[in-house]
Every structure is written in structure tokens, then in C-alpha cells.
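Structure file work19.cif (mmCIF, C-alpha atoms and all ligand atoms) follows.
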data_data
loop_
_atom_site.label_atom_id
_atom_site.label_comp_id
_atom_site.auth_asym_id
_atom_site.auth_seq_id
_atom_site.Cartn_x
_atom_site.Cartn_y
_atom_site.Cartn_z
CA MET A 1 -32.35 -0.81 19.27
CA SER A 2 -32.00 1.74 22.08
CA THR A 3 -29.02 4.08 22.17
CA ILE A 4 -27.80 2.23 25.31
CA ASP A 5 -27.88 -1.13 23.50
CA LEU A 6 -26.18 0.45 20.51
CA ARG A 7 -23.41 1.77 22.73
CA ASP A 8 -22.98 -1.72 24.25
CA TRP A 9 -22.70 -3.24 20.80
CA THR A 10 -20.19 -0.58 19.72
CA ASN A 11 -18.12 -1.18 22.86
CA GLU A 12 -18.09 -4.92 22.22
CA ALA A 13 -17.06 -4.38 18.57
CA LEU A 14 -14.25 -2.06 19.68
CA ALA A 15 -13.12 -4.66 22.24
CA LYS A 16 -12.94 -7.29 19.48
CA LEU A 17 -10.74 -4.99 17.40
CA ARG A 18 -8.54 -4.23 20.40
CA ARG A 19 -8.08 -7.94 21.11
CA GLU A 20 -7.26 -8.59 17.46
CA ALA A 21 -4.59 -5.89 17.62
CA ALA A 22 -3.18 -7.36 20.83
CA ARG A 23 -2.92 -10.82 19.23
CA SER A 24 -1.11 -9.41 16.19
CA ALA A 25 2.66 -9.07 16.00
CA ASP A 26 4.55 -6.30 14.26
CA THR A 27 5.91 -6.96 10.75
CA HIS A 28 9.58 -7.65 9.99
CA LEU A 29 11.96 -5.02 8.70
CA LEU A 30 14.15 -7.05 6.31
CA ARG A 31 17.61 -5.81 5.45
CA LEU A 32 19.19 -6.08 1.99
CA GLU A 33 22.65 -5.23 0.74
CA PHE A 34 23.70 -4.85 -2.88
CA ASP A 35 27.26 -5.08 -4.25
CA GLY A 36 27.05 -1.78 -6.08
CA PHE A 37 25.99 0.15 -3.00
CA PRO A 38 28.51 -0.21 -0.20
CA GLY A 39 27.58 2.05 2.71
CA ILE A 40 23.94 2.21 1.67
CA ASP A 41 21.62 -0.05 3.65
CA PHE A 42 18.24 -1.09 2.26
CA TYR A 43 15.35 -2.11 4.49
CA PHE A 44 12.01 -3.52 3.39
CA LYS A 45 9.10 -3.72 5.79
CA ASP A 46 7.28 -6.97 5.15
CA GLU A 47 3.65 -5.95 5.17
CA ALA A 48 2.73 -9.20 3.43
CA ALA A 49 3.19 -10.85 6.84
CA HIS A 50 -0.11 -9.49 8.21
CA PRO A 51 -2.91 -12.08 8.71
CA THR A 52 -4.66 -10.72 5.60
CA GLY A 53 -1.47 -10.48 3.56
CA SER A 54 -1.01 -6.77 2.94
CA LEU A 55 -0.50 -3.33 4.40
CA LYS A 56 -4.27 -2.95 4.11
CA HIS A 57 -4.64 -4.96 7.31
CA ARG A 58 -3.61 -1.83 9.21
CA LEU A 59 -5.93 0.34 7.13
CA ALA A 60 -8.96 -1.96 7.45
CA ARG A 61 -8.61 -2.05 11.24
CA SER A 62 -8.40 1.76 11.28
CA LEU A 63 -11.40 2.19 8.97
CA TYR A 64 -13.63 -0.03 11.16
CA LEU A 65 -12.44 1.80 14.28
CA TYR A 66 -13.15 5.12 12.59
CA ALA A 67 -16.65 4.07 11.48
CA LEU A 68 -17.45 2.71 14.95
CA CYS A 69 -16.10 5.70 16.86
CA ASN A 70 -17.99 8.05 14.55
CA GLY A 71 -21.22 6.19 15.30
CA ARG A 72 -21.59 5.27 11.62
CA LEU A 73 -21.66 1.48 12.02
CA ARG A 74 -24.58 -0.38 13.60
CA PRO A 75 -25.26 -4.03 14.41
CA GLY A 76 -26.52 -5.96 11.40
CA GLN A 77 -25.62 -3.16 9.01
CA ALA A 78 -24.08 -4.17 5.70
CA VAL A 79 -20.61 -2.82 4.99
CA VAL A 80 -19.27 -1.81 1.57
CA ASP A 81 -16.11 -0.41 0.04
CA ALA A 82 -14.50 0.21 -3.34
CA SER A 83 -11.18 -1.58 -3.72
CA SER A 84 -8.60 -2.89 -6.13
CA GLY A 85 -8.55 -6.02 -3.99
CA SER A 86 -6.09 -5.88 -1.09
CA THR A 87 -8.31 -3.65 1.02
CA ALA A 88 -11.34 -5.79 0.21
CA ILE A 89 -9.59 -8.90 1.55
CA SER A 90 -8.66 -7.17 4.81
CA GLU A 91 -12.10 -5.55 5.19
CA ALA A 92 -13.83 -8.89 4.56
CA TRP A 93 -11.66 -10.46 7.26
CA PHE A 94 -12.60 -7.81 9.81
CA ALA A 95 -16.27 -7.98 8.78
CA ARG A 96 -16.22 -11.67 9.66
CA LEU A 97 -14.56 -10.86 12.99
CA LEU A 98 -17.37 -8.39 13.75
CA GLY A 99 -20.18 -10.55 12.33
CA LEU A 100 -21.12 -8.13 9.56
CA GLU A 101 -21.97 -8.63 5.89
CA PHE A 102 -19.41 -7.15 3.52
CA THR A 103 -19.52 -6.27 -0.17
CA ALA A 104 -16.42 -5.29 -2.15
CA VAL A 105 -16.89 -3.20 -5.27
CA MET A 106 -13.95 -4.09 -7.50
CA PRO A 107 -12.90 -3.74 -11.14
CA ALA A 108 -13.65 -6.95 -13.07
CA CYS A 109 -9.97 -7.07 -14.09
CA THR A 110 -8.83 -7.56 -10.46
CA ALA A 111 -6.52 -10.58 -9.99
CA PRO A 112 -8.85 -13.64 -9.76
CA ARG A 113 -7.04 -14.85 -6.66
CA LYS A 114 -8.03 -11.70 -4.77
CA ILE A 115 -11.68 -12.11 -5.74
CA ALA A 116 -11.55 -15.72 -4.51
CA ASP A 117 -9.92 -14.60 -1.24
CA VAL A 118 -12.72 -12.09 -0.52
CA GLN A 119 -15.33 -14.75 -1.22
CA ALA A 120 -13.54 -17.33 0.94
CA LEU A 121 -13.84 -14.88 3.85
CA GLY A 122 -17.59 -14.65 3.30
CA GLY A 123 -17.49 -11.34 1.42
CA ARG A 124 -19.47 -10.58 -1.71
CA CYS A 125 -17.84 -9.10 -4.82
CA ASP A 126 -19.70 -6.62 -6.96
CA LEU A 127 -17.56 -6.36 -10.11
CA VAL A 128 -17.73 -3.34 -12.40
CA ASP A 129 -16.37 -3.25 -15.97
CA GLU A 130 -14.67 0.13 -15.73
CA PRO A 131 -12.30 0.71 -12.78
CA SER A 132 -13.55 4.32 -12.59
CA GLN A 133 -17.09 3.06 -11.80
CA VAL A 134 -16.15 1.69 -8.37
CA TYR A 135 -16.75 4.96 -6.52
CA GLU A 136 -20.27 5.47 -7.83
CA ARG A 137 -21.19 1.85 -7.29
CA ALA A 138 -19.98 1.92 -3.67
CA ALA A 139 -21.98 5.14 -3.12
CA TRP A 140 -25.02 3.33 -4.51
CA HIS A 141 -24.64 0.55 -1.90
CA ALA A 142 -24.28 3.22 0.79
CA ALA A 143 -27.52 4.85 -0.41
CA GLN A 144 -29.22 1.46 0.16
CA GLY A 145 -28.16 1.65 3.81
CA ALA A 146 -24.68 0.07 3.85
CA CYS A 147 -21.90 1.60 5.92
CA HIS A 148 -19.31 2.88 3.42
CA LEU A 149 -15.85 2.32 4.92
CA ASP A 150 -14.60 4.67 2.19
CA GLN A 151 -10.90 3.87 2.04
CA PHE A 152 -10.26 6.43 -0.67
CA GLY A 153 -12.05 9.19 1.21
CA LEU A 154 -10.91 8.34 4.74
CA ALA A 155 -7.57 6.44 4.70
CA GLU A 156 -5.56 9.56 5.34
CA ARG A 157 -7.56 10.58 8.44
CA ALA A 158 -8.58 7.17 9.86
CA THR A 159 -4.93 6.31 10.59
CA ASP A 160 -3.49 7.73 13.78
CA TRP A 161 -0.50 9.51 12.25
CA ARG A 162 1.12 10.54 15.54
CA GLY A 163 1.71 7.02 16.73
CA ASN A 164 -0.32 4.06 17.96
CA ASN A 165 2.21 1.82 16.24
CA ASN A 166 1.34 3.16 12.81
CA ILE A 167 3.64 1.97 10.05
CA ALA A 168 5.98 4.96 10.36
CA GLU A 169 6.38 4.68 14.14
CA SER A 170 7.08 0.98 13.74
CA ILE A 171 9.76 1.55 11.06
CA ILE A 172 11.56 4.28 12.96
CA GLY A 173 11.47 2.18 16.14
CA GLN A 174 12.86 -0.89 14.36
CA LEU A 175 15.73 1.18 12.90
CA ALA A 176 16.84 2.50 16.29
CA GLY A 177 19.90 0.24 16.65
CA GLU A 178 20.95 0.26 12.99
CA PRO A 179 24.04 2.05 11.60
CA HIS A 180 21.85 4.73 9.99
CA PRO A 181 18.75 4.95 12.20
CA GLU A 182 17.47 8.11 10.51
CA PRO A 183 16.87 6.99 6.93
CA ALA A 184 17.86 9.21 4.04
CA TRP A 185 14.70 8.17 2.22
CA VAL A 186 11.47 6.31 2.78
CA VAL A 187 9.90 5.04 -0.44
CA CYS A 188 6.26 3.98 -0.74
CA GLY A 189 3.46 3.78 -3.30
CA ALA A 190 0.20 5.71 -3.35
CA GLY A 191 -3.16 3.98 -3.73
CA THR A 192 -5.36 5.68 -1.19
CA GLY A 193 -2.41 7.89 -0.25
CA GLY A 194 -2.87 6.82 3.37
CA THR A 195 0.58 5.29 3.79
CA SER A 196 2.45 8.24 2.30
CA ALA A 197 0.37 10.72 4.34
CA THR A 198 1.01 8.85 7.58
CA ILE A 199 4.74 8.46 6.95
CA GLY A 200 5.20 12.06 5.75
CA ARG A 201 3.38 13.49 8.76
CA TYR A 202 5.17 11.25 11.23
CA LEU A 203 8.62 12.18 9.87
CA ARG A 204 7.84 15.85 10.53
CA TYR A 205 6.22 15.14 13.88
CA ARG A 206 9.40 13.37 15.03
CA GLY A 207 11.62 16.13 13.69
CA LEU A 208 13.50 13.84 11.28
CA HIS A 209 15.25 14.92 8.10
CA THR A 210 14.23 11.80 6.21
CA ARG A 211 12.72 12.51 2.82
CA LEU A 212 9.68 10.74 1.41
CA CYS A 213 9.50 9.45 -2.15
CA VAL A 214 6.36 8.11 -3.80
CA ALA A 215 7.01 5.41 -6.40
CA ASP A 216 4.21 5.64 -8.98
CA PRO A 217 3.52 3.68 -12.16
CA LEU A 218 4.45 5.74 -15.21
CA GLY A 219 1.77 8.24 -16.20
CA SER A 220 -0.42 7.84 -13.09
CA ALA A 221 -2.37 10.66 -11.51
CA PHE A 222 -0.28 11.08 -8.36
CA ALA A 223 2.85 11.88 -10.37
CA SER A 224 1.31 14.47 -12.65
CA GLY A 225 -0.84 15.96 -9.88
CA TRP A 226 2.12 16.23 -7.50
CA ARG A 227 4.32 18.02 -10.06
CA SER A 228 1.73 20.69 -10.84
CA ARG A 229 -0.06 20.58 -7.44
CA ASP A 230 -3.19 19.97 -9.51
CA ARG A 231 -5.89 17.93 -7.79
CA THR A 232 -7.82 17.56 -11.04
CA ALA A 233 -4.94 15.72 -12.77
CA VAL A 234 -5.76 12.35 -14.33
CA ALA A 235 -3.58 9.44 -15.46
CA ASP A 236 -2.46 9.33 -19.08
CA HIS A 237 -1.42 5.66 -18.82
CA SER A 238 -3.11 2.71 -17.19
CA THR A 239 -1.10 0.22 -15.17
CA VAL A 240 -1.20 -3.49 -14.36
CA ILE A 241 0.32 -2.84 -10.93
CA GLU A 242 -2.56 -3.29 -8.47
CA GLY A 243 -2.94 -1.14 -5.36
CA ILE A 244 -1.16 1.90 -6.80
CA GLY A 245 -1.16 3.97 -9.97
CA ARG A 246 -4.56 5.57 -9.54
CA ALA A 247 -6.35 7.15 -12.48
CA ARG A 248 -7.36 10.21 -10.46
CA VAL A 249 -5.97 12.25 -7.57
CA GLU A 250 -7.58 10.50 -4.60
CA PRO A 251 -8.85 12.68 -1.73
CA GLY A 252 -6.16 11.18 0.55
CA PHE A 253 -3.19 12.24 -1.59
CA VAL A 254 -1.31 14.77 0.54
CA PHE A 255 1.15 16.28 -1.93
CA GLU A 256 2.83 18.59 0.59
CA VAL A 257 4.50 15.82 2.62
CA VAL A 258 6.05 14.13 -0.44
CA ASP A 259 9.54 15.29 -1.45
CA GLU A 260 9.93 13.35 -4.67
CA VAL A 261 7.91 11.20 -7.06
CA ILE A 262 9.61 8.60 -9.24
CA GLU A 263 7.62 7.15 -12.11
CA VAL A 264 8.25 3.51 -12.96
CA PRO A 265 7.18 1.69 -16.13
CA ASP A 266 5.27 -1.54 -15.46
CA SER A 267 7.97 -3.63 -17.17
CA ALA A 268 10.55 -2.36 -14.64
CA SER A 269 8.18 -3.00 -11.70
CA VAL A 270 7.73 -6.60 -12.85
CA ALA A 271 11.48 -7.03 -13.36
CA ALA A 272 12.18 -5.69 -9.86
CA MET A 273 9.46 -7.91 -8.39
CA ARG A 274 11.42 -10.89 -9.76
CA LEU A 275 14.69 -9.54 -8.32
CA LEU A 276 13.00 -9.31 -4.92
CA GLU A 277 12.10 -12.98 -5.18
CA GLU A 278 15.76 -13.78 -5.85
CA GLN A 279 16.92 -11.66 -2.92
CA LEU A 280 14.31 -12.67 -0.37
CA GLY A 281 13.40 -16.22 -1.39
CA ARG A 282 9.71 -15.50 -1.67
CA ARG A 283 7.35 -13.73 -3.97
CA TYR A 284 5.86 -10.29 -3.49
CA GLY A 285 3.40 -8.27 -5.55
CA GLY A 286 4.03 -5.73 -8.29
CA SER A 287 3.93 -2.60 -6.13
CA SER A 288 6.83 -3.97 -4.06
CA GLY A 289 8.81 -4.09 -7.32
CA THR A 290 7.84 -0.50 -8.11
CA ASN A 291 9.22 0.48 -4.70
CA LEU A 292 12.52 -1.34 -5.30
CA VAL A 293 13.07 0.46 -8.60
CA ALA A 294 12.65 3.86 -6.94
CA CYS A 295 14.98 2.79 -4.08
CA LEU A 296 17.71 1.90 -6.57
CA GLN A 297 17.32 5.18 -8.44
CA LEU A 298 17.66 7.13 -5.19
CA ALA A 299 20.58 4.97 -4.04
CA ALA A 300 22.44 5.61 -7.29
CA ARG A 301 21.96 9.33 -6.68
CA MET A 302 23.26 9.03 -3.10
CA ARG A 303 26.26 7.01 -4.27
CA GLU A 304 27.09 9.57 -6.93
CA ALA A 305 26.96 12.32 -4.32
CA GLY A 306 29.20 10.27 -2.02
CA GLN A 307 26.47 9.83 0.61
CA ARG A 308 26.06 6.90 2.95
CA GLY A 309 22.84 6.08 4.71
CA SER A 310 19.74 3.96 4.73
CA ILE A 311 16.71 3.68 2.47
CA VAL A 312 13.50 2.12 3.73
CA SER A 313 10.63 0.79 1.68
CA LEU A 314 7.70 -1.62 1.84
CA LEU A 315 6.81 -5.09 0.65
CA CYS A 316 3.11 -4.50 0.21
CA ASP A 317 1.52 -7.87 -0.54
CA PRO A 318 2.42 -11.47 -1.40
CA GLY A 319 3.18 -12.70 -4.92
CA GLU A 320 0.74 -15.63 -4.81
CA ARG A 321 -2.07 -13.18 -5.44
CA TYR A 322 -0.61 -12.63 -8.91
CA ASP A 323 0.11 -16.26 -9.94
CA ARG A 324 -2.27 -15.95 -12.85
CA THR A 325 -1.26 -12.41 -13.80
CA LEU A 326 2.14 -10.80 -13.09
CA TYR A 327 3.87 -14.17 -12.46
CA ASP A 328 2.40 -15.80 -15.58
CA PRO A 329 4.69 -15.23 -18.59
CA GLN A 330 1.83 -15.76 -21.02
CA TRP A 331 -0.34 -13.23 -19.26
CA LEU A 332 2.55 -10.73 -19.35
CA ALA A 333 3.05 -11.30 -23.09
CA ARG A 334 -0.69 -10.88 -23.72
CA SER A 335 -0.56 -7.64 -21.73
CA GLY A 336 2.37 -6.38 -23.83
CA ILE A 337 4.84 -6.37 -20.94
CA ASP A 338 8.43 -7.51 -21.53
CA PRO A 339 10.43 -7.25 -18.30
CA VAL A 340 13.67 -8.63 -19.81
CA PRO A 341 15.39 -5.37 -20.86
CA ALA A 342 14.48 -3.67 -17.58
CA GLU A 343 15.75 -6.67 -15.64
CA ALA A 344 19.15 -6.39 -17.36
CA ALA A 345 19.29 -2.66 -16.58
CA LEU A 346 18.37 -3.19 -12.93
CA ARG A 347 20.93 -5.97 -12.54
CA ALA A 348 23.58 -3.64 -13.94
CA THR A 349 22.52 -1.00 -11.40
CA LEU A 350 22.69 -3.52 -8.52
CA ALA A 351 26.19 -4.54 -9.54
CA SER A 352 27.68 -1.14 -10.35
CA GLY A 353 25.75 1.31 -8.21
CA GLU A 354 25.15 3.43 -11.29
CA TRP A 355 21.65 4.05 -12.51
CA HIS A 356 21.10 2.26 -15.81
CA PRO A 357 17.99 3.63 -17.49
CA TYR A 358 15.79 0.89 -18.88
CA ALA A 359 16.02 0.14 -22.59
C1 LIG A 401 -2.99 -0.01 -1.12
C2 LIG A 401 -1.76 -0.55 -1.66
C3 LIG A 401 -0.64 0.26 -1.84
C4 LIG A 401 -0.64 1.74 -1.53
O1 LIG A 401 -0.94 2.10 -0.21
P1 LIG A 401 -1.87 3.34 0.19
O2 LIG A 401 -1.69 3.50 1.63
O3 LIG A 401 -3.29 2.94 -0.15
O4 LIG A 401 -1.49 4.53 -0.60
C5 LIG A 401 0.49 -0.35 -2.37
N1 LIG A 401 0.51 -1.66 -2.68
C6 LIG A 401 -0.56 -2.46 -2.50
C7 LIG A 401 -0.49 -3.91 -2.87
C8 LIG A 401 -1.73 -1.94 -1.98
O5 LIG A 401 -2.78 -2.74 -1.81
#

For this file, write the structure as C-alpha cells.
Amino acid sequence: MSTIDLRDWTNEALAKLRREAARSADTHLLRLEFDGFPGIDFYFKDEAAHPTGSLKHRLARSLYLYALCNGRLRPGQAVVDASSGSTAISEAWFARLLGLEFTAVMPACTAPRKIADVQALGGRCDLVDEPSQVYERAAWHAAQGACHLDQFGLAERATDWRGNNNIAESIIGQLAGEPHPEPAWVVCGAGTGGTSATIGRYLRYRGLHTRLCVADPLGSAFASGWRSRDRTAVADHSTVIEGIGRARVEPGFVFEVVDEVIEVPDSASVAAMRLLEEQLGRRYGGSSGTNLVACLQLAARMREAGQRGSIVSLLCDPGERYDRTLYDPQWLARSGIDPVPAEAALRATLASGEWHPYA
């Protein structure tokens, strides 16, 4: 293919992505109130509402744009990435849009529903036994000629952090008419670190005083790395919460823009995930629960200090993906997770506004 033809193909691929973006709507910012927290408004951005069901829809679009604009993606080239599932679903969807073959390298323990979703979109799944093997395996595919979208390496830079309706610009815009338009806190998880990097940068860029909190599963690498500013930190616990709780400090973790990290045990994330279902009338994934726990801990602190204000967080993906895992009581029992004591503690917090540590 000549360089002229290649440029035509790239232009056409970019036009397809632009049209997809134009057809897409923004996601809802849902508002919640809790009895124990008068004067504190909670907002949850419903990223499960994207066509591919998670906040990774934004990332996948950005990663394809980045590969195309860097001249790294050619017609007929296979595409590969390492993923815990959500990204793979979104990347498979965009691969189909662009007419490209896609392979997801995922841990074998990934929720079966996510594996089925990738396959239903025409993607292939290359499953590895050890989650830590995904990076090497994806690099192997790249060495065979595939274009490596490289979410873990590139998420933080592929997203246009200054605007372009990135998640932070959208949130701040949607809050404009609310009682507390400049949130006291934004709470998010860290998988690639892309979301926290984009939000943290945007808050500074806009000159806001909003602080950023990362909600991380107990004992994960972000938390220990952030505390000691040590990029070689590793997790000392594994987690069943998919999408976050990485075992290593990913290249896209930008510690400097994060003001606080709250560690959440899996049992509390699962309990909070169930509370979200009660509050919102639909199911969301485990990392949304992790976010809610951190929101409540921060709200209790604000209440104690006599502060009013707003706290914003994310609903990252839909609960149906976890029917056979986090929403299956037998699976939870087999995995040694009992959300009941944490649920009681969180309910007490919702009612009283005081932080009740889990049992
Ligand atoms: C990726 C992901 C996150 C974390 O977002 P990053 O931008 O990758 O840090 C949280 N929850 C779910 C379900 C995810 O897939």
C-alpha cells in the first residue's frame, strides 16, 4: 500500500470514529441524597450507559485515535491489548467498527460474561493463567505484527486531558447549575490510572480546589505506591474487584495529582455495590461499590468538620457482567467474601452520617 493510500485509509478510519462520537450522547450524572448527610450532595456519573457498558468506551476510542494519529495502525493489521475485561469489550466493539481483527489478552479468572461479550463482538480471547502474564503475552502478539493499543502504557496520554468532553470536563459542566458546582471531592478507582490522571489534571487546569481521591481495593499497588511515592511497589493482597486494584504500579498512575487514597476491603465494596442497587434500581459492578465506600468515608469527615458540599464519583460498569461472580452468593462464599457485616456498618453510616468502620 502506498503512503497516499495509507493516509486515505487512516482518514476514513478517523472519520468513522468521529461519526461514532457524534452519534453518542453524554452519560448521566445521577444525584443521591442520604439521611445522615444533610447538606452533602452525592453525584454518580453513569459510565455504564455507554454503548459498550463502561468508562472504557471513552478510553478505547482514545486509544484507537492515538494509534491512528501516531501512524501505528494500518489496514488489515491485527489489534491486541491486555485487559481485565471492560477495555477488551470496548476495544472489540471499535475494532468491529473499523473492520479490524482484535485479540484480548485476559486473565482466565475474568468474569465469564465479559469473555462472552468480547467473543460476541467478534473478538478473540487469549486467556492466561496468571494475571501478571497479560503484559508479556500482549507484547508477544505485538512482536508478531499486531498493533498494541497498550491501555496500561498509554491511557494517561491518549486521553485529551484539557477538554474534548473528557470525563472531567463533562462532570464539571453537568454540575454548573447545582448548589455546590465545585465539588469538595471527586472519587474514582485506578486500573490504568487514566481516569484519575485526566480528572486530576483537569481540576488543576480549570483552577478548581476540588480534591481527588482514589478508591483502591485493600492492599493494592496504587495505595502503597502512592503513600511512599514508590513506583516499584506491588500489591500485598489480591482482589475480586475487576478493573481496579492492580498488582503493580501501572505506567499511567500519576501519583502527584491524587490527594488521598482510601483502601476498601472487597467485602465492603460488594456490600456497597448492593446498596447502590437499592438506591438506583439497577445493578452496577464492584468498582462502583468501592467508590461509594470512599465517598461515604469522605462525607463522614466533611460532616464532622461541619462542611457542606458535593462529592462526585463514577458508576463504572453494569452489574450484569458479574451475575455469575459478585452477584452470586455461592460464588462469594466460595471466594471467602462475607459482605453482611460491612453492609450493616455502611447502613449505619448512611443513617447517622458517622463513619462506622467495618467489623
Ligand atoms: C478500568 C476500570 C476502572 C478504572 O479506570 P482507569 O481509568 O483504568 O484507572 C474502574 N472500574 C472498571 C469497571 C474499569 O473497567

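Checking A:Asp81, A:Asp8, A:Asp236, A:Asp230 one by one against Ala146 in chain A, counting all atoms listed in the file, you find the shortest gap at A:Asp81.
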
Top pick for closest residue to ligand LIG 401 (chain A), considering A:Leu332, A:Cys316, A:Ala138, A:Leu292 and counting all atoms listed in the file |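 Among the listed residues, A:Cys316 lies closest to ligand LIG 401 (chain A).
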
Could you give me, as a PyMOL selection string, the residues that have an atom at most 10 Å away from the point (22.4, 4.7, -14.1) in the coordinates of the file, using all atoms listed in the file?
-> chain A and resi 296-297+300-301+304+345-346+348-350+352-358

Set the cut-off to 9 Å, count all atoms listed in the file, and list whatever residues fall near ligand LIG 401 (chain A) as a count of residues only.
-> 41

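Residues surrounding Ala268 in chain A within 7 Å are Pro339, Ala342 and Glu343 of chain A [all atoms listed in the file; sequence separation below 6 positions excluded].
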
Check the smallest atom-to-atom distance from each of A:Glu12, A:Asp46, A:Glu101, A:Asp35 to Gln77 in chain A using all atoms listed in the file, then report the winner.
-> A:Glu101

For CA of Leu326 in chain A and CA of Leu298 in chain A, quote the distance in Å rounded to one decimal.
-> 25.0 Å

Coordinates-based distance that separates CA of Phe37 in chain A from CA of His180 in chain A (Å, one decimal) = 14.4 Å

What does the distance from CA of Gly123 in chain A to CA of Ala104 in chain A come to in Å, to one decimal?
->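 CA of Ala104 in chain A lies at a distance of 7.1 Å from CA of Gly123 in chain A.
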